[in-house]
$ cat work.cif   # mmCIF, C-alpha atoms
data_data
loop_
_atom_site.label_atom_id
_atom_site.label_comp_id
_atom_site.auth_asym_id
_atom_site.auth_seq_id
_atom_site.Cartn_x
_atom_site.Cartn_y
_atom_site.Cartn_z
CA MET V 1 -6.60 54.53 -5.76
CA THR V 2 -7.09 56.99 -8.57
CA ALA V 3 -4.88 56.96 -11.64
CA ALA V 4 -3.92 60.62 -11.30
CA SER V 5 -4.03 63.43 -8.83
CA HIS V 6 -5.22 66.59 -10.53
CA LEU V 7 -3.66 69.67 -8.97
CA LEU V 8 -3.17 73.16 -10.34
CA VAL V 9 0.46 72.99 -11.34
CA PRO V 10 2.50 75.76 -13.00
CA GLU V 11 3.62 75.12 -16.57
CA ASN V 12 7.30 74.91 -15.55
CA HIS V 13 6.53 71.58 -13.87
CA LEU V 14 7.46 68.68 -16.16
CA TRP V 15 6.57 64.98 -16.16
CA TYR V 16 9.28 62.41 -15.45
CA ALA V 17 9.24 58.60 -15.43
CA ILE V 18 10.38 56.97 -12.21
CA GLN V 19 11.52 53.37 -12.14
CA THR V 20 10.40 51.52 -9.02
CA ARG V 21 11.25 48.27 -7.31
CA TYR V 22 9.08 45.27 -8.18
CA ARG V 23 5.54 45.78 -6.79
CA PHE V 24 6.40 49.18 -5.27
CA GLU V 25 4.61 51.34 -7.87
CA LYS V 26 1.59 52.18 -5.67
CA LYS V 27 3.71 52.70 -2.55
CA VAL V 28 6.06 55.08 -4.36
CA THR V 29 3.13 56.99 -5.88
CA THR V 30 1.48 57.39 -2.46
CA GLN V 31 4.73 58.54 -0.82
CA LEU V 32 5.33 61.13 -3.55
CA GLN V 33 1.76 62.42 -3.20
CA ARG V 34 2.34 62.82 0.56
CA LYS V 35 5.39 64.96 -0.32
CA GLY V 36 3.09 67.22 -2.37
CA ILE V 37 4.21 65.93 -5.77
CA GLU V 38 1.64 65.41 -8.53
CA THR V 39 1.74 61.80 -9.72
CA PHE V 40 0.21 59.59 -12.36
CA LEU V 41 0.05 55.82 -11.98
CA PRO V 42 -1.63 54.36 -15.10
CA VAL V 43 -4.06 51.64 -14.03
CA LEU V 44 -6.06 49.51 -16.45
CA GLU V 45 -9.33 47.89 -15.36
CA GLN V 46 -9.58 44.36 -16.75
CA ILE V 47 -12.07 41.53 -16.35
CA HIS V 48 -10.45 38.28 -15.27
CA HIS V 49 -12.35 35.08 -16.01
CA TRP V 50 -12.34 31.94 -13.91
CA SER V 51 -14.40 28.80 -14.45
CA ASP V 52 -16.92 29.86 -11.78
CA ARG V 53 -16.82 33.69 -11.90
CA GLU V 54 -15.61 36.95 -13.37
CA LYS V 55 -13.94 39.75 -11.47
CA ARG V 56 -12.88 43.30 -12.33
CA VAL V 57 -9.21 43.73 -11.49
CA ASN V 58 -7.07 46.87 -11.63
CA THR V 59 -3.67 46.13 -13.16
CA LEU V 60 -0.75 48.46 -13.67
CA LEU V 61 -0.34 49.52 -17.26
CA PHE V 62 3.45 49.92 -16.97
CA SER V 63 4.83 47.57 -14.35
CA GLY V 64 7.86 49.04 -12.61
CA TYR V 65 7.08 52.69 -13.39
CA THR V 66 5.19 55.66 -12.02
CA PHE V 67 5.22 59.27 -13.18
CA ALA V 68 5.74 62.53 -11.30
CA ARG V 69 5.27 66.14 -12.33
CA ILE V 70 7.90 68.39 -10.81
CA ASN V 71 9.78 71.63 -11.38
CA PRO V 72 13.27 70.45 -12.39
CA SER V 73 14.93 73.67 -11.20
CA SER V 74 13.55 73.59 -7.66
CA TRP V 75 13.10 69.95 -6.66
CA SER V 76 15.52 67.88 -4.70
CA ARG V 77 16.56 64.88 -6.76
CA MET V 78 18.00 63.29 -3.63
CA ASP V 79 14.67 63.67 -1.80
CA LEU V 80 12.94 61.85 -4.65
CA LEU V 81 15.63 59.15 -4.82
CA ARG V 82 15.37 58.59 -1.05
CA THR V 83 11.72 57.62 -1.45
CA VAL V 84 11.37 53.97 -0.45
CA GLY V 85 11.03 51.81 -3.56
CA VAL V 86 12.48 54.29 -6.06
CA ILE V 87 15.26 52.88 -8.24
CA GLY V 88 15.80 56.09 -10.17
CA LEU V 89 14.64 58.53 -12.78
CA ILE V 90 14.67 57.42 -16.41
CA ALA V 91 17.67 58.98 -18.13
CA PHE V 92 19.60 58.63 -21.37
CA ALA V 93 23.36 59.22 -21.42
CA GLY V 94 23.11 60.43 -17.82
CA GLN V 95 20.55 63.10 -18.73
CA VAL V 96 17.10 62.91 -17.09
CA ILE V 97 14.58 63.38 -19.90
CA PRO V 98 11.12 64.90 -19.30
CA ILE V 99 8.05 63.28 -20.84
CA PRO V 100 5.96 65.54 -23.08
CA ALA V 101 2.79 66.53 -21.21
CA LYS V 102 0.74 65.53 -24.29
CA GLN V 103 1.80 61.87 -23.86
CA ILE V 104 0.64 61.86 -20.21
CA ASP V 105 -2.57 63.75 -21.09
CA ASP V 106 -3.35 61.22 -23.85
CA LEU V 107 -2.83 58.26 -21.49
CA GLN V 108 -5.02 59.90 -18.83
CA MET V 109 -7.79 60.53 -21.39
CA LEU V 110 -7.61 56.98 -22.75
CA LEU V 111 -7.79 55.39 -19.28
CA SER V 112 -10.54 57.74 -18.03
CA GLN V 113 -12.78 56.81 -20.99
CA LYS V 114 -12.33 53.07 -20.23
CA VAL V 115 -11.70 52.30 -23.90
CA PRO V 116 -10.48 48.70 -24.34
CA CYS V 117 -6.71 48.75 -24.85
CA ALA V 118 -3.71 46.48 -24.44
CA LEU V 119 0.04 46.80 -24.09
CA ARG V 120 2.00 46.67 -27.34
CA ALA V 121 5.64 46.42 -28.22
CA PHE V 122 7.17 49.89 -28.44
CA LEU V 123 6.82 51.19 -32.00
CA LYS V 124 8.72 53.87 -33.83
CA ILE V 125 7.41 52.92 -37.24
CA GLY V 126 4.17 54.06 -38.84
CA GLN V 127 2.46 57.38 -39.20
CA ARG V 128 1.50 59.71 -36.37
CA VAL V 129 -2.24 60.32 -36.40
CA ARG V 130 -4.82 62.22 -34.37
CA ILE V 131 -8.41 61.13 -33.68
CA ARG V 132 -11.05 63.65 -34.77
CA GLY V 133 -14.41 63.67 -33.00
CA GLY V 134 -15.97 61.51 -30.34
CA CYS V 135 -14.88 61.03 -26.74
CA LEU V 136 -11.21 60.63 -27.77
CA ASP V 137 -11.00 63.80 -29.90
CA GLY V 138 -7.40 65.01 -30.10
CA LEU V 139 -5.82 61.74 -28.98
CA GLU V 140 -2.53 61.25 -30.85
CA GLY V 141 -0.52 58.15 -31.56
CA ILE V 142 1.03 55.94 -34.19
CA LEU V 143 -1.18 54.14 -36.68
CA ASP V 144 -0.53 50.40 -36.63
CA GLU V 145 -2.36 48.26 -39.17
CA ARG V 146 -1.15 44.74 -38.37
CA GLY V 147 -4.43 42.88 -38.79
CA GLU V 148 -6.88 45.24 -37.07
CA LYS V 149 -6.40 48.99 -37.26
CA ASN V 150 -4.87 50.21 -33.99
CA LEU V 151 -3.69 53.49 -32.54
CA VAL V 152 -0.54 53.11 -30.47
CA ILE V 153 0.25 55.68 -27.77
CA SER V 154 3.89 55.56 -26.70
CA VAL V 155 5.82 56.88 -23.73
CA ASP V 156 9.24 57.29 -25.31
CA SER V 157 11.39 57.49 -22.18
CA ILE V 158 10.32 54.09 -20.79
CA GLN V 159 9.87 52.53 -24.24
CA ARG V 160 6.35 51.27 -23.50
CA SER V 161 3.26 51.54 -25.67
CA VAL V 162 -0.50 51.00 -25.37
CA ALA V 163 -2.70 50.05 -28.33
CA MET V 164 -6.42 50.47 -28.86
CA ARG V 165 -8.70 49.47 -31.73
CA ILE V 166 -9.72 52.51 -33.72
CA GLU V 167 -12.28 51.10 -36.14
CA GLY V 168 -14.94 53.74 -36.67
CA TYR V 169 -12.85 56.72 -35.55
CA GLU V 170 -12.00 59.49 -37.99
CA LEU V 171 -8.24 60.02 -38.20
CA GLU V 172 -6.04 62.79 -39.54
CA LEU V 173 -2.30 62.73 -40.20
CA ILE V 174 -0.17 64.93 -37.99
#

$ encode --input "work.cif" --output "structure tokens"
Amino acid sequence: MTAASHLLVPENHLWYAIQTRYRFEKKVTTQLQRKGIETFLPVLEQIHHWSDREKRVNTLLFSGYTFARINPSSWSRMDLLRTVGVIGLIAFAGQVIPIPAKQIDDLQMLLSQKVPCALRAFLKIGQRVRIRGGCLDGLEGILDERGEKNLVISVDSIQRSVAMRIEGYELELI
């Protein structure tokens, strides 16, 4: 399964986080795609080690979540909520909050380049920076210098973050 379905979508379509039942992320994503909705299910390829072998395993980056890009003025919220495995849309104070397209684009770029990364605690501290040059040019995140220098990309609405080592990358403050 691919991490994203790339369709030509008008700009009035916005990204939303969808909370799913335990182990229903792929099923929900597939069902939404069948309904013609653009989705993004962030999958991280990892190497698992056993005493006798190694194996590449795809693991979900954000367990319990998938993302959908929809036009909020024309979609049926009930149709989405009736999808088997959907718990609901991520909302604050009863208001469904869209995810900035830049956050989804940055995650898609990071995962497509297969740069080693790991989940991090959600951060709101630190400086926002942008990578200049190389295969990750334009990638934005929060600079985290606990031990090694890391760039943390956050998805605010689900309060999840991904960190990658950025030694050797040129950074600029945003």

$ resolve_selection --input "work.cif" --expression "the PyMOL selection byres ((chain V and resi 108-113) around 10)" --output "number ranges by chain"
V: 3-4, 40-45, 61, 102-107, 114-117, 135-139, 153, 162, 164

$ residues_around --input "work.cif" --residues "V:Arg130" --least-positions-apart "2" --cutoff "7 Å" --atoms "all atoms listed in the file" --output "ChimeraX atom specification"
/V:132,138-141,171-174

$ write_last_selection --input "work.cif" --atoms "C-alpha atoms" --output "PDB file, in the coordinates of the input"
ATOM      1  CA  ARG V 132     -11.050  63.650 -34.770  1.00  0.00           C
ATOM      2  CA  GLY V 138      -7.400  65.010 -30.100  1.00  0.00           C
ATOM      3  CA  LEU V 139      -5.820  61.740 -28.980  1.00  0.00           C
ATOM      4  CA  GLU V 140      -2.530  61.250 -30.850  1.00  0.00           C
ATOM      5  CA  GLY V 141      -0.520  58.150 -31.560  1.00  0.00           C
ATOM      6  CA  LEU V 171      -8.240  60.020 -38.200  1.00  0.00           C
ATOM      7  CA  GLU V 172      -6.040  62.790 -39.540  1.00  0.00           C
ATOM      8  CA  LEU V 173      -2.300  62.730 -40.200  1.00  0.00           C
ATOM      9  CA  ILE V 174      -0.170  64.930 -37.990  1.00  0.00           C
TER      10      ILE V 174
END

$ atom_distance --input "work.cif" --atom1 "atom CA of V:Glu25" --atom2 "atom CA of V:Asp144"
29.2 Å

$ residues_around --input "work.cif" --residues "V:Val86" --least-positions-apart "2" --cutoff "10 Å" --atoms "all atoms listed in the file" --output "PyMOL selection string"
chain V and resi 18-22+24-25+27-29+64-66+80-84+88-89

$ closest_residue --input "work.cif" --among "V:His48, V:Ile37, V:Tyr169, V:Ala101" --to "V:Asp156" --atoms "all atoms listed in the file"
V:Ala101

$ atom_distance --input "work.cif" --atom1 "atom CA of V:Gln33" --atom2 "atom CA of V:Lys55"
28.8 Å

$ resolve_selection --input "work.cif" --expression "the PyMOL selection byres ((chain V and resi 16) around 6)" --output "short mmCIF file (atom, residue, chain, number, x, y, z; two decimals) with C-alpha atoms, in the frame of the given file"
data_model
loop_
_atom_site.label_atom_id
_atom_site.label_comp_id
_atom_site.auth_asym_id
_atom_site.auth_seq_id
_atom_site.Cartn_x
_atom_site.Cartn_y
_atom_site.Cartn_z
CA TRP V 15 6.57 64.98 -16.16
CA ALA V 17 9.24 58.60 -15.43
CA PHE V 67 5.22 59.27 -13.18
CA ALA V 68 5.74 62.53 -11.30
CA PRO V 98 11.12 64.90 -19.30
CA ILE V 99 8.05 63.28 -20.84
#

$ atom_distance --input "work.cif" --atom1 "atom CA of V:Ser76" --atom2 "atom CA of V:Ile158"
21.8 Å
